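Text of data.cif (mmCIF, C-alpha atoms) as supplied:
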```cif
data_upload
#
loop_
_atom_site.label_atom_id
_atom_site.label_comp_id
_atom_site.auth_asym_id
_atom_site.auth_seq_id
_atom_site.Cartn_x
_atom_site.Cartn_y
_atom_site.Cartn_z
CA MET A 868 78.16 -59.44 -61.40
CA ARG A 869 78.33 -55.67 -61.55
CA LYS A 870 79.36 -53.50 -64.45
CA ILE A 871 81.23 -50.35 -63.50
CA TYR A 872 81.30 -47.53 -66.05
CA LYS A 873 84.12 -45.27 -64.89
CA ASN A 874 85.09 -41.71 -65.79
CA ALA A 875 81.70 -40.68 -67.13
CA ASN A 876 80.48 -37.14 -67.67
CA ILE A 877 76.88 -37.81 -66.66
CA HIS A 878 74.00 -35.58 -67.68
CA LYS A 879 72.71 -33.67 -64.62
CA PHE A 880 75.30 -35.38 -62.37
CA GLY A 881 78.69 -34.31 -63.64
CA LYS A 882 81.81 -36.45 -63.53
CA ALA A 883 81.23 -39.76 -61.77
CA ASP A 884 81.14 -43.53 -62.15
CA ILE A 885 78.04 -45.67 -62.70
CA ALA A 886 77.55 -49.08 -61.12
CA VAL A 887 74.96 -51.36 -62.72
CA ALA A 888 73.87 -54.60 -61.03
CA ASP A 889 71.33 -56.97 -62.58
CA GLY A 890 70.42 -54.33 -65.12
CA VAL A 891 69.61 -51.64 -62.53
CA VAL A 892 71.58 -48.49 -61.70
CA GLU A 893 72.95 -49.33 -58.25
CA LYS A 894 75.15 -46.32 -57.56
CA ILE A 895 76.41 -43.08 -59.09
CA ALA A 896 79.41 -41.57 -57.34
CA PRO A 897 82.98 -40.40 -57.91
CA ASP A 898 85.51 -43.23 -57.96
CA ILE A 899 83.32 -46.23 -57.16
CA CYS A 900 85.45 -49.03 -55.69
CA VAL A 901 85.89 -52.03 -57.95
CA CYS A 902 85.40 -55.42 -56.32
CA GLY A 903 86.42 -58.85 -57.48
CA GLY A 904 84.19 -60.01 -60.32
CA ASP A 905 83.21 -56.48 -61.40
CA VAL A 906 83.55 -55.73 -65.09
CA VAL A 907 84.97 -52.26 -65.71
CA PHE A 908 84.52 -49.98 -68.71
CA ASP A 909 86.48 -46.73 -68.94
CA LEU A 910 84.35 -44.07 -70.65
CA ASN A 911 87.24 -41.57 -70.82
CA ASN A 912 85.12 -38.57 -69.77
CA ALA A 913 82.62 -39.07 -72.59
CA PHE A 914 79.12 -37.69 -72.08
CA VAL A 915 76.43 -40.02 -70.73
CA PHE A 916 72.77 -39.31 -71.41
CA PRO A 917 69.60 -41.22 -70.56
CA GLY A 918 68.78 -43.47 -73.50
CA PHE A 919 66.87 -41.67 -76.22
CA VAL A 920 63.26 -42.50 -77.07
CA ASP A 921 61.87 -42.25 -80.60
CA VAL A 922 58.07 -42.32 -80.61
CA HIS A 923 57.76 -42.60 -84.39
CA VAL A 924 59.58 -45.25 -86.40
CA HIS A 925 58.76 -47.76 -89.12
CA PHE A 926 60.56 -51.07 -88.72
CA ARG A 927 58.52 -52.65 -91.57
CA GLU A 928 58.11 -56.10 -90.05
CA PRO A 929 55.90 -58.06 -90.52
CA GLY A 930 55.18 -57.68 -94.20
CA PHE A 931 58.00 -55.58 -95.63
CA SER A 932 61.18 -57.08 -94.24
CA TYR A 933 63.09 -56.27 -97.45
CA LYS A 934 62.96 -52.63 -96.29
CA GLU A 935 63.82 -53.19 -92.60
CA THR A 936 63.38 -55.76 -89.85
CA ILE A 937 62.87 -55.49 -86.11
CA LYS A 938 66.40 -56.82 -85.72
CA SER A 939 68.10 -54.36 -88.11
CA GLY A 940 65.96 -51.44 -86.98
CA SER A 941 66.54 -51.97 -83.28
CA ARG A 942 70.29 -52.38 -83.82
CA ALA A 943 70.33 -49.13 -85.84
CA ALA A 944 68.42 -47.43 -83.04
CA ALA A 945 70.95 -48.63 -80.46
CA ARG A 946 73.74 -47.24 -82.66
CA GLY A 947 71.96 -43.89 -82.59
CA GLY A 948 71.71 -43.88 -78.78
CA PHE A 949 68.08 -45.03 -78.50
CA THR A 950 66.87 -47.49 -75.89
CA HIS A 951 63.18 -47.32 -76.82
CA VAL A 952 61.25 -46.83 -80.04
CA CYS A 953 57.56 -46.84 -80.91
CA THR A 954 56.69 -48.56 -84.18
CA MET A 955 53.87 -47.59 -86.51
CA PRO A 956 51.19 -50.11 -87.55
CA ASN A 957 51.28 -49.76 -91.37
CA LEU A 958 52.43 -53.35 -91.77
CA ASP A 959 51.11 -56.55 -93.32
CA PRO A 960 49.03 -57.50 -91.49
CA VAL A 961 48.11 -54.06 -90.16
CA SER A 962 48.16 -54.09 -86.36
CA ASP A 963 44.39 -53.62 -86.05
CA SER A 964 43.48 -56.59 -83.83
CA ALA A 965 45.03 -58.65 -81.06
CA GLU A 966 45.71 -61.44 -83.53
CA HIS A 967 47.48 -59.18 -86.04
CA LEU A 968 49.36 -57.32 -83.32
CA GLY A 969 50.55 -60.65 -81.95
CA VAL A 970 52.52 -61.34 -85.12
CA GLN A 971 54.59 -58.21 -84.52
CA LEU A 972 54.93 -58.81 -80.78
CA ASP A 973 56.34 -62.28 -81.39
CA ILE A 974 59.05 -60.88 -83.67
CA ILE A 975 59.87 -58.12 -81.19
CA LYS A 976 60.26 -60.63 -78.38
CA LYS A 977 62.61 -62.72 -80.51
CA ASP A 978 64.71 -60.09 -82.31
CA ALA A 979 64.64 -56.66 -80.63
CA CYS A 980 67.76 -55.58 -78.73
CA ILE A 981 66.04 -52.53 -77.15
CA GLY A 982 62.51 -51.65 -76.07
CA VAL A 983 60.18 -51.74 -79.08
CA HIS A 984 56.60 -50.59 -78.43
CA PRO A 985 54.01 -50.96 -81.20
CA PHE A 986 51.19 -48.59 -81.96
CA GLY A 987 47.88 -50.20 -82.76
CA ALA A 988 45.94 -48.94 -85.76
CA ILE A 989 43.03 -46.56 -85.19
CA THR A 990 40.97 -48.12 -87.98
CA VAL A 991 40.68 -51.55 -89.57
CA GLY A 992 43.31 -51.83 -92.30
CA GLN A 993 44.01 -48.13 -91.73
CA ASN A 994 41.14 -47.47 -94.12
CA GLY A 995 39.73 -44.66 -92.00
CA GLU A 996 36.25 -46.13 -91.80
CA GLN A 997 35.72 -48.77 -89.10
CA LEU A 998 37.48 -48.53 -85.76
CA SER A 999 39.97 -51.27 -84.96
CA ASP A 1000 39.55 -53.60 -82.01
CA MET A 1001 41.28 -51.12 -79.73
CA ALA A 1002 40.28 -52.77 -76.46
CA SER A 1003 41.78 -56.13 -77.40
CA MET A 1004 45.12 -54.48 -78.24
CA ALA A 1005 45.32 -52.03 -75.35
CA ASP A 1006 47.65 -54.08 -73.15
CA GLY A 1007 50.14 -54.60 -75.98
CA VAL A 1008 50.36 -51.14 -77.53
CA ILE A 1009 51.82 -47.78 -76.61
CA GLY A 1010 48.94 -45.93 -78.24
CA PHE A 1011 46.89 -45.78 -81.43
CA SER A 1012 47.78 -44.29 -84.81
CA ASP A 1013 46.91 -44.63 -88.48
CA ASP A 1014 50.26 -43.12 -89.39
CA GLY A 1015 50.87 -43.02 -93.10
CA LYS A 1016 47.26 -42.00 -93.55
CA GLY A 1017 45.17 -39.27 -92.01
CA VAL A 1018 41.77 -40.10 -90.52
CA GLN A 1019 39.54 -38.13 -92.87
CA SER A 1020 36.29 -38.39 -90.89
CA ALA A 1021 35.77 -36.19 -87.85
CA ASP A 1022 33.17 -38.64 -86.54
CA VAL A 1023 35.62 -41.55 -86.73
CA MET A 1024 38.31 -39.53 -84.98
CA ARG A 1025 35.88 -38.46 -82.26
CA GLU A 1026 34.90 -42.05 -81.54
CA ALA A 1027 38.55 -43.11 -81.61
CA MET A 1028 39.48 -40.45 -79.08
CA LEU A 1029 36.64 -41.47 -76.77
CA ARG A 1030 37.73 -45.11 -76.88
CA ALA A 1031 41.40 -44.26 -76.44
CA LYS A 1032 40.60 -42.10 -73.43
CA GLY A 1033 38.64 -44.94 -71.87
CA LEU A 1034 41.61 -47.23 -72.38
CA GLY A 1035 44.12 -44.70 -71.04
CA LYS A 1036 45.99 -44.51 -74.36
CA VAL A 1037 47.33 -41.73 -76.56
CA ILE A 1038 46.01 -41.01 -80.05
CA SER A 1039 49.06 -40.22 -82.19
CA ALA A 1040 47.73 -38.59 -85.34
CA HIS A 1041 49.11 -38.34 -88.84
CA CYS A 1042 47.36 -35.14 -89.89
CA GLU A 1043 46.75 -34.96 -93.62
CA ASP A 1044 43.67 -33.79 -95.53
CA ASN A 1045 43.60 -35.86 -98.71
CA SER A 1046 41.35 -33.35 -100.49
CA LEU A 1047 44.15 -30.77 -100.43
CA LEU A 1048 47.06 -32.88 -101.70
CA ASN A 1049 46.59 -32.08 -105.41
CA GLY A 1050 48.95 -34.85 -106.49
CA GLY A 1051 51.89 -32.97 -105.00
CA CYS A 1052 55.18 -34.48 -103.92
CA ILE A 1053 57.05 -31.60 -102.24
CA HIS A 1054 56.14 -28.39 -100.42
CA ASP A 1055 54.13 -25.88 -102.40
CA GLY A 1056 56.91 -23.32 -102.30
CA GLU A 1057 59.62 -21.65 -104.32
CA TYR A 1058 61.40 -24.86 -105.37
CA ALA A 1059 58.15 -26.39 -106.61
CA ARG A 1060 57.24 -23.29 -108.60
CA THR A 1061 60.73 -22.88 -110.09
CA HIS A 1062 60.91 -26.50 -111.18
CA GLY A 1063 57.33 -26.88 -112.32
CA ILE A 1064 56.45 -29.48 -109.68
CA LYS A 1065 53.03 -29.87 -108.05
CA GLY A 1066 53.25 -28.84 -104.44
CA ILE A 1067 51.63 -29.92 -101.17
CA CYS A 1068 50.09 -26.98 -99.32
CA SER A 1069 50.61 -26.49 -95.59
CA GLU A 1070 46.85 -26.39 -95.07
CA SER A 1071 46.72 -30.13 -95.79
CA GLU A 1072 48.54 -30.53 -92.45
CA TRP A 1073 47.18 -27.77 -90.26
CA ARG A 1074 43.49 -28.09 -91.14
CA PRO A 1075 43.20 -31.63 -89.66
CA ILE A 1076 45.19 -30.49 -86.61
CA ARG A 1077 42.68 -27.68 -86.06
CA ARG A 1078 39.81 -30.18 -86.34
CA ASP A 1079 41.44 -32.66 -83.98
CA ILE A 1080 42.22 -30.01 -81.37
CA GLU A 1081 38.52 -29.24 -81.12
CA ILE A 1082 37.70 -32.95 -80.71
CA ALA A 1083 40.47 -33.44 -78.14
CA ALA A 1084 39.14 -30.49 -76.16
CA GLN A 1085 35.66 -32.03 -76.20
CA THR A 1086 36.71 -35.58 -75.33
CA GLY A 1087 39.67 -34.97 -73.02
CA CYS A 1088 41.72 -37.53 -74.94
CA ALA A 1089 45.51 -37.49 -74.72
CA TYR A 1090 46.31 -36.29 -78.24
CA HIS A 1091 49.72 -36.30 -79.90
CA VAL A 1092 50.49 -34.81 -83.32
CA CYS A 1093 52.99 -36.60 -85.53
CA HIS A 1094 55.80 -34.96 -87.52
CA ILE A 1095 54.62 -31.33 -87.70
CA SER A 1096 56.29 -29.32 -90.46
CA ALA A 1097 54.30 -26.08 -90.90
CA LYS A 1098 54.32 -22.80 -89.03
CA GLU A 1099 50.52 -22.78 -88.79
CA SER A 1100 50.65 -26.14 -87.02
CA VAL A 1101 53.01 -24.71 -84.41
CA GLU A 1102 50.70 -21.80 -83.72
CA LEU A 1103 47.58 -23.97 -83.46
CA ILE A 1104 49.29 -26.26 -80.96
CA ARG A 1105 50.64 -23.30 -79.00
CA ARG A 1106 47.12 -21.91 -78.62
CA ALA A 1107 45.67 -25.31 -77.74
CA LYS A 1108 48.19 -25.73 -74.94
CA ALA A 1109 47.33 -22.29 -73.60
CA ASP A 1110 43.67 -23.36 -73.62
CA GLY A 1111 44.44 -26.46 -71.57
CA VAL A 1112 44.02 -29.11 -74.26
CA ASN A 1113 45.85 -32.38 -73.50
CA ILE A 1114 48.11 -32.13 -76.54
CA THR A 1115 51.73 -32.82 -77.40
CA CYS A 1116 53.57 -32.90 -80.68
CA GLU A 1117 56.77 -33.96 -82.38
CA THR A 1118 58.87 -32.75 -85.25
CA ALA A 1119 61.79 -34.41 -87.02
CA PRO A 1120 65.44 -33.45 -87.51
CA HIS A 1121 65.12 -32.91 -91.27
CA TYR A 1122 62.47 -30.21 -90.76
CA LEU A 1123 64.80 -28.38 -88.36
CA VAL A 1124 67.93 -28.49 -90.50
CA TYR A 1125 66.63 -28.12 -94.06
CA ASN A 1126 64.27 -25.83 -95.95
CA ASP A 1127 62.85 -26.37 -99.43
CA SER A 1128 65.48 -24.17 -101.08
CA MET A 1129 67.99 -26.92 -100.24
CA LEU A 1130 66.18 -29.68 -102.12
CA CYS A 1131 67.66 -31.56 -105.03
CA ASP A 1132 66.22 -34.15 -107.39
CA SER A 1133 66.93 -37.13 -105.17
CA GLY A 1134 64.74 -39.61 -103.32
CA ARG A 1135 66.63 -38.81 -100.11
CA PHE A 1136 64.62 -35.57 -99.90
CA ARG A 1137 61.22 -37.22 -100.45
CA MET A 1138 59.17 -37.58 -97.28
CA ASN A 1139 55.66 -36.86 -96.01
CA PRO A 1140 55.04 -34.21 -94.84
CA PRO A 1141 57.59 -32.48 -97.03
CA ILE A 1142 60.43 -30.19 -96.03
CA ARG A 1143 58.88 -26.74 -96.09
CA SER A 1144 60.03 -23.10 -96.25
CA GLU A 1145 62.60 -21.27 -94.15
CA GLY A 1146 59.72 -19.53 -92.37
CA ASP A 1147 58.32 -22.92 -91.39
CA ARG A 1148 61.73 -24.11 -90.21
CA GLN A 1149 62.18 -21.04 -88.04
CA ALA A 1150 58.68 -21.48 -86.58
CA LEU A 1151 59.51 -25.07 -85.63
CA ILE A 1152 62.71 -23.92 -83.94
CA GLY A 1153 60.71 -21.25 -82.13
CA GLY A 1154 58.31 -23.95 -80.98
CA ILE A 1155 61.19 -26.00 -79.62
CA CYS A 1156 62.58 -23.00 -77.79
CA ASP A 1157 59.28 -22.02 -76.13
CA GLY A 1158 58.08 -25.55 -75.35
CA THR A 1159 55.31 -25.80 -77.94
CA VAL A 1160 57.16 -28.65 -79.65
CA ASP A 1161 57.57 -31.36 -77.04
CA MET A 1162 59.85 -33.94 -78.59
CA ILE A 1163 61.93 -35.04 -81.54
CA ALA A 1164 60.97 -38.15 -83.48
CA THR A 1165 62.75 -39.32 -86.59
CA ASP A 1166 59.86 -40.85 -88.59
CA HIS A 1167 62.54 -43.38 -89.56
CA ALA A 1168 61.03 -44.87 -92.73
CA PRO A 1169 63.36 -47.17 -94.68
CA HIS A 1170 62.76 -48.29 -98.26
CA SER A 1171 64.80 -50.35 -100.68
CA ALA A 1172 67.47 -48.68 -102.80
CA GLU A 1173 65.32 -49.16 -105.91
CA GLU A 1174 62.28 -47.53 -104.29
CA LYS A 1175 64.37 -44.45 -103.44
CA SER A 1176 66.20 -44.24 -106.78
CA ARG A 1177 63.43 -42.59 -108.79
CA GLY A 1178 64.19 -38.97 -108.05
CA LEU A 1179 62.37 -36.42 -105.94
CA CYS A 1180 58.90 -37.05 -107.32
CA GLY A 1181 59.12 -40.72 -108.33
CA SER A 1182 60.53 -42.16 -105.11
CA LEU A 1183 58.44 -43.44 -102.23
CA ASN A 1184 57.92 -41.18 -99.22
CA GLY A 1185 60.24 -41.77 -96.30
CA VAL A 1186 63.84 -41.35 -95.17
CA VAL A 1187 65.95 -42.91 -92.43
CA GLY A 1188 67.25 -40.90 -89.50
CA ILE A 1189 67.63 -42.94 -86.35
CA GLU A 1190 71.42 -43.17 -86.64
CA THR A 1191 71.92 -39.44 -87.27
CA SER A 1192 69.23 -37.77 -85.14
CA PHE A 1193 71.22 -36.67 -82.11
CA ALA A 1194 74.32 -35.68 -84.07
CA ALA A 1195 72.34 -33.62 -86.60
CA LEU A 1196 70.54 -31.68 -83.88
CA TYR A 1197 73.59 -31.33 -81.66
CA THR A 1198 75.56 -29.95 -84.62
CA HIS A 1199 72.91 -27.60 -86.00
CA LEU A 1200 71.07 -26.48 -82.87
CA VAL A 1201 73.27 -26.93 -79.79
CA ARG A 1202 76.67 -26.03 -81.25
CA LYS A 1203 75.08 -22.98 -82.90
CA ASN A 1204 73.66 -21.88 -79.51
CA ILE A 1205 70.05 -22.11 -80.69
CA ILE A 1206 69.08 -24.49 -77.87
CA SER A 1207 70.95 -25.90 -74.89
CA LEU A 1208 72.22 -29.44 -74.61
CA ASP A 1209 69.81 -29.91 -71.70
CA ARG A 1210 66.90 -28.94 -73.95
CA LEU A 1211 67.97 -31.41 -76.61
CA ILE A 1212 68.07 -34.24 -74.05
CA GLU A 1213 64.62 -33.19 -72.83
CA LEU A 1214 63.30 -33.42 -76.39
CA MET A 1215 64.92 -36.78 -77.10
CA SER A 1216 64.58 -38.60 -73.77
CA TYR A 1217 62.69 -37.09 -70.84
CA ALA A 1218 59.65 -35.70 -72.67
CA PRO A 1219 58.81 -38.79 -74.75
CA ARG A 1220 59.30 -41.01 -71.69
CA ALA A 1221 56.90 -38.88 -69.69
CA ARG A 1222 54.22 -38.63 -72.37
CA PHE A 1223 54.16 -42.30 -73.27
CA GLY A 1224 54.90 -43.76 -69.82
CA ILE A 1225 58.27 -45.33 -70.63
CA GLY A 1226 60.60 -45.97 -67.69
CA GLY A 1227 64.34 -46.42 -67.36
CA GLY A 1228 67.22 -43.95 -67.33
CA ILE A 1229 70.32 -43.08 -65.35
CA ASN A 1230 68.96 -42.39 -61.88
CA VAL A 1231 69.74 -44.78 -59.04
CA GLY A 1232 67.06 -47.46 -59.02
CA ASP A 1233 66.24 -47.05 -62.71
CA ARG A 1234 66.54 -49.85 -65.20
CA ALA A 1235 69.94 -48.91 -66.64
CA GLU A 1236 69.33 -47.17 -69.96
CA PHE A 1237 71.98 -44.76 -71.11
CA THR A 1238 74.02 -43.80 -74.11
CA VAL A 1239 77.61 -42.58 -74.30
CA PHE A 1240 78.69 -39.88 -76.77
CA ASP A 1241 81.97 -38.32 -77.81
CA LEU A 1242 80.75 -34.80 -78.56
CA GLN A 1243 84.06 -33.71 -80.06
CA SER A 1244 84.13 -36.44 -82.69
CA GLU A 1245 83.46 -35.01 -86.17
CA TYR A 1246 82.65 -37.26 -89.09
CA ALA A 1247 80.88 -37.29 -92.43
CA VAL A 1248 77.69 -39.34 -92.58
CA ASN A 1249 78.44 -42.50 -94.54
CA THR A 1250 75.37 -44.61 -95.22
CA ASP A 1251 77.54 -47.64 -95.95
CA GLU A 1252 78.14 -47.76 -92.19
CA PHE A 1253 74.44 -47.75 -91.29
CA LEU A 1254 73.02 -50.76 -89.51
CA SER A 1255 69.58 -49.90 -90.85
CA ALA A 1256 68.65 -51.69 -94.05
CA GLY A 1257 67.53 -48.27 -95.32
CA LYS A 1258 70.23 -45.95 -96.62
CA SER A 1259 68.28 -42.96 -97.96
CA THR A 1260 68.84 -39.89 -95.76
CA PRO A 1261 69.07 -36.16 -96.44
CA PHE A 1262 72.08 -36.09 -94.11
CA GLU A 1263 74.22 -38.25 -96.39
CA GLY A 1264 77.74 -36.80 -96.59
CA MET A 1265 77.04 -34.04 -94.04
CA LYS A 1266 79.76 -33.41 -91.45
CA LEU A 1267 78.35 -33.83 -87.95
CA PHE A 1268 79.63 -33.74 -84.38
CA GLY A 1269 78.67 -36.35 -81.81
CA ARG A 1270 79.50 -40.01 -82.18
CA CYS A 1271 77.67 -42.67 -80.18
CA MET A 1272 80.30 -44.80 -78.47
CA MET A 1273 78.08 -47.11 -76.44
CA THR A 1274 74.42 -47.77 -75.60
CA VAL A 1275 73.37 -49.70 -72.50
CA TYR A 1276 69.97 -51.34 -72.12
CA GLY A 1277 69.54 -53.03 -68.77
CA ASP A 1278 72.37 -55.47 -68.26
CA GLU A 1279 73.31 -55.49 -71.95
CA ILE A 1280 75.63 -53.29 -73.94
CA VAL A 1281 73.62 -53.18 -77.14
CA TRP A 1282 76.04 -50.98 -79.08
CA ARG A 1283 79.77 -50.24 -78.91
CA THR A 1284 81.82 -48.52 -81.58
CA ASP A 1285 84.42 -51.27 -81.49
CA GLU A 1286 81.72 -53.70 -82.67
#
```

Is it possible to express this structure as structure tokens?
Amino acid sequence: MRKIYKNANIHKFGKADIAVADGVVEKIAPDICVCGGDVVFDLNNAFVFPGFVDVHVHFREPGFSYKETIKSGSRAAARGGFTHVCTMPNLDPVSDSAEHLGVQLDIIKKDACIGVHPFGAITVGQNGEQLSDMASMADGVIGFSDDGKGVQSADVMREAMLRAKGLGKVISAHCEDNSLLNGGCIHDGEYARTHGIKGICSESEWRPIRRDIEIAAQTGCAYHVCHISAKESVELIRRAKADGVNITCETAPHYLVYNDSMLCDSGRFRMNPPIRSEGDRQALIGGICDGTVDMIATDHAPHSAEEKSRGLCGSLNGVVGIETSFAALYTHLVRKNIISLDRLIELMSYAPRARFGIGGGINVGDRAEFTVFDLQSEYAVNTDEFLSAGKSTPFEGMKLFGRCMMTVYGDEIVWRTDE
């Protein structure tokens, strides 16, 4: 049985129909003939993009299913237009061995509606001291990360990079120097000074990046930097790329839309790293425009309502964003002519697929993975509608353009608005 998606406005193809047979894109052409037994969906000239890929999410299972589950997280991702996500290992048990990883893989196999690819931990228990059993996990992970914690030891990171290179895997680094945190909870900027709040300096992010760049250059490891937020980080990565280092990086939508003058005393603005200054925001946008910043990742990090109800400094770090990512960036970057729509799709689909070796898309012969958006649809973000168990987002109430109408993953329609 074929599925025919008619009247599509397909990215890089234009107006055409899509025929999918047994989960594979069979044909893309104007006015594909419908045969007996075909199931037809009229997309009404909506825009079709290759399914988005988020290389940095926290789905909290196993261990913290009251915050999120593989099932709720993957459904939320599908609603946001994503067909693949990469989950971080700060779970219980931490994914630091084949046995511990297997607990997560079993849940993914049972409950995920899209592609969910775990990261293995760099160190045992993410304690930064003893390397995890990387070799035993290699076949089941997308890469290695201690996200949530920075690897404080240069020697440990060097050995991790050597092992990851030997296994053909990416090191995805949470870069944070604990000695520079000073008990801060937001950026060490004007808002912190005005309100008498301890701040987190940008050096706590860029100093470990500088260290890791040197190690990556020495080892030849494929090195990826998580959630950059500071202008100095952008410049360090720009120089490293010019020097031929095998490095990529991501930033998140909240760092591109907000600066620290827009904060308020609410847990929905508490994340790590923090939202920084307008100068940092502009540097990140500059990095997106010139190719220094390779991809967008949400760092989707759900918590319970109680854990996010303690104000800006008392709440736990982490906000959700997988259901608002495309719309926030389309509204604030594409519609304002800061970047092109093509560049946004590169950041959200093509670049992460290429870096992490994830297939699928909307070319003939691909596993069918695409998402359908009405770009003219304007709406206010209402967290009551979220499929994620987490509801704390800085985009709450914001008017955005771009509503996801459908997401296709293989032979399945994993999200439709009429659901």

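Residues within 7 Å of Ala1150 in chain A, counting only C-alpha atoms and excluding same-chain residues fewer than 3 positions away, are Lys1098, Val1101, Gly1146, Asp1147, Gly1153 and Gly1154 of chain A.
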
Selected residue, from A:Ile981, A:Met868, A:Lys894, A:Arg1030, that lies nearest to Ile1229 in chain A when counting only C-alpha atoms: A:Lys894

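Across the model, the gap from CA of Phe949 in chain A to CA of Gly1158 in chain A is 22.1 Å.
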
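At a cut-off of 9 Å from (51.4, -28.3, -75.8), the residue set is Ile1104, Arg1105, Arg1106, Ala1107, Lys1108, Ala1109, Gly1111, Val1112, Asn1113, Ile1114, Thr1115, Cys1116, Gly1158, Thr1159, Val1160 and Asp1161 of chain A (counting only C-alpha atoms).
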
Residue neighbourhood Ala896 in chain A, 9 Å, all atoms listed in the file, exclusion window fewer than 6 positions, as a VMD selection string: chain A and resid 880 882 to 886

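Counting only C-alpha atoms and comparing A:Ser941, A:Ser1259, A:Ser1039, A:Ser1133, the residue that lies closest to Ala1168 in chain A is A:Ser1259.
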
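The two atoms in question, CA of Arg927 in chain A and CA of Arg946 in chain A, are spaced 18.4 Å apart.
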
Cut-off 6 Å around (60.4, -54.7, -86.7) with all atoms listed in the file: residues as a PyMOL selection string: chain A and resi 926-928+936-937

Residue nearest Val915 in chain A among A:Tyr1058, A:Phe1223, A:Phe1237, A:Tyr1217 (counting all atoms listed in the file): A:Phe1237

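The coordinates place CA of Met1265 in chain A at 5.3 Å from CA of Ala1247 in chain A.
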
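In this comparison, which uses all atoms listed in the file, the residue of A:Glu1173, A:Glu1102, A:Asp889, A:Asp1000 approaching Asp963 in chain A most closely is A:Asp1000.
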
Explicit residues for the PyMOL selection byres ((chain A and resi 1274-1281) around 8) (as number ranges by chain): A: 887-891, 918, 942, 945-946, 948-950, 980-981, 1234-1239, 1271-1273, 1282-1283

Pick from A:Gly1050, A:Gly1087, A:Gly1007, A:Pro1219, whichever lies nearest to Gly1181 in chain A using all atoms listed in the file: A:Gly1050

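Residues surrounding range 993-998 of chain A within 6 Å are Ile989, Asp1013 and Val1018 of chain A [all atoms listed in the file; sequence separation below 4 positions excluded].
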
Residues in the PyMOL selection byres ((chain A and resi 1250) around 10), expressed as a ChimeraX atom specification: /A:1187,1190,1247-1249,1251-1260,1262-1264

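Excluding Met1004 in chain A itself and any same-chain residue fewer than 2 positions from it, the protein and nucleic acid residues within 8 Å of it, counting all atoms listed in the file, are Asp963, Ser964, Ala965, Leu968, Gly987, Asp1000, Met1001, Ala1002, Asp1006, Gly1007 and Val1008 of chain A.
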
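Of the listed residues (A:Ile1152, A:Val924, A:Ala1089, A:Ala1194), A:Val924 comes nearest to Phe986 in chain A; the distances count only C-alpha atoms.
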
Within 10 Å of Glu1174 in chain A using all atoms listed in the file, minus same-chain residues under 3 positions, as a ChimeraX atom specification: /A:934,1134,1169-1171,1177-1178,1181-1184,1259

Go ahead and save the residues from that selection, with C-alpha atoms, as a PDB file, in the coordinates of the input.
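The resulting file, selection-v1.pdb, is reproduced below:
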```pdb
ATOM      1  CA  LYS A 934      62.960 -52.630 -96.290  1.00  0.00           C
ATOM      2  CA  GLY A1134      64.740 -39.610-103.320  1.00  0.00           C
ATOM      3  CA  PRO A1169      63.360 -47.170 -94.680  1.00  0.00           C
ATOM      4  CA  HIS A1170      62.760 -48.290 -98.260  1.00  0.00           C
ATOM      5  CA  SER A1171      64.800 -50.350-100.680  1.00  0.00           C
ATOM      6  CA  ARG A1177      63.430 -42.590-108.790  1.00  0.00           C
ATOM      7  CA  GLY A1178      64.190 -38.970-108.050  1.00  0.00           C
ATOM      8  CA  GLY A1181      59.120 -40.720-108.330  1.00  0.00           C
ATOM      9  CA  SER A1182      60.530 -42.160-105.110  1.00  0.00           C
ATOM     10  CA  LEU A1183      58.440 -43.440-102.230  1.00  0.00           C
ATOM     11  CA  ASN A1184      57.920 -41.180 -99.220  1.00  0.00           C
ATOM     12  CA  SER A1259      68.280 -42.960 -97.960  1.00  0.00           C
TER      13      SER A1259
END
```

How would range 876-895 of chain A look written as a PDB file, in the first residue's frame with C-alpha atoms?
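After the write, out04.pdb holds the following:
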```pdb
ATOM      1  CA  ASN A 876       5.484  22.590  -1.397  1.00  0.00           C
ATOM      2  CA  ILE A 877       8.657  20.527  -0.989  1.00  0.00           C
ATOM      3  CA  HIS A 878      11.932  22.001   0.205  1.00  0.00           C
ATOM      4  CA  LYS A 879      14.421  22.115  -2.709  1.00  0.00           C
ATOM      5  CA  PHE A 880      11.842  20.553  -5.074  1.00  0.00           C
ATOM      6  CA  GLY A 881       8.965  22.995  -5.290  1.00  0.00           C
ATOM      7  CA  LYS A 882       5.340  22.021  -5.758  1.00  0.00           C
ATOM      8  CA  ALA A 883       4.891  18.281  -6.225  1.00  0.00           C
ATOM      9  CA  ASP A 884       3.423  15.104  -4.785  1.00  0.00           C
ATOM     10  CA  ILE A 885       5.269  12.503  -2.699  1.00  0.00           C
ATOM     11  CA  ALA A 886       4.673   8.774  -3.005  1.00  0.00           C
ATOM     12  CA  VAL A 887       5.805   6.600  -0.100  1.00  0.00           C
ATOM     13  CA  ALA A 888       5.835   2.806  -0.363  1.00  0.00           C
ATOM     14  CA  ASP A 889       6.896   0.549   2.509  1.00  0.00           C
ATOM     15  CA  GLY A 890       8.281   3.551   4.348  1.00  0.00           C
ATOM     16  CA  VAL A 891      10.549   4.677   1.482  1.00  0.00           C
ATOM     17  CA  VAL A 892      10.172   7.707  -0.783  1.00  0.00           C
ATOM     18  CA  GLU A 893       9.256   6.079  -4.092  1.00  0.00           C
ATOM     19  CA  LYS A 894       8.587   9.112  -6.263  1.00  0.00           C
ATOM     20  CA  ILE A 895       8.431  12.908  -6.197  1.00  0.00           C
TER      21      ILE A 895
END
```
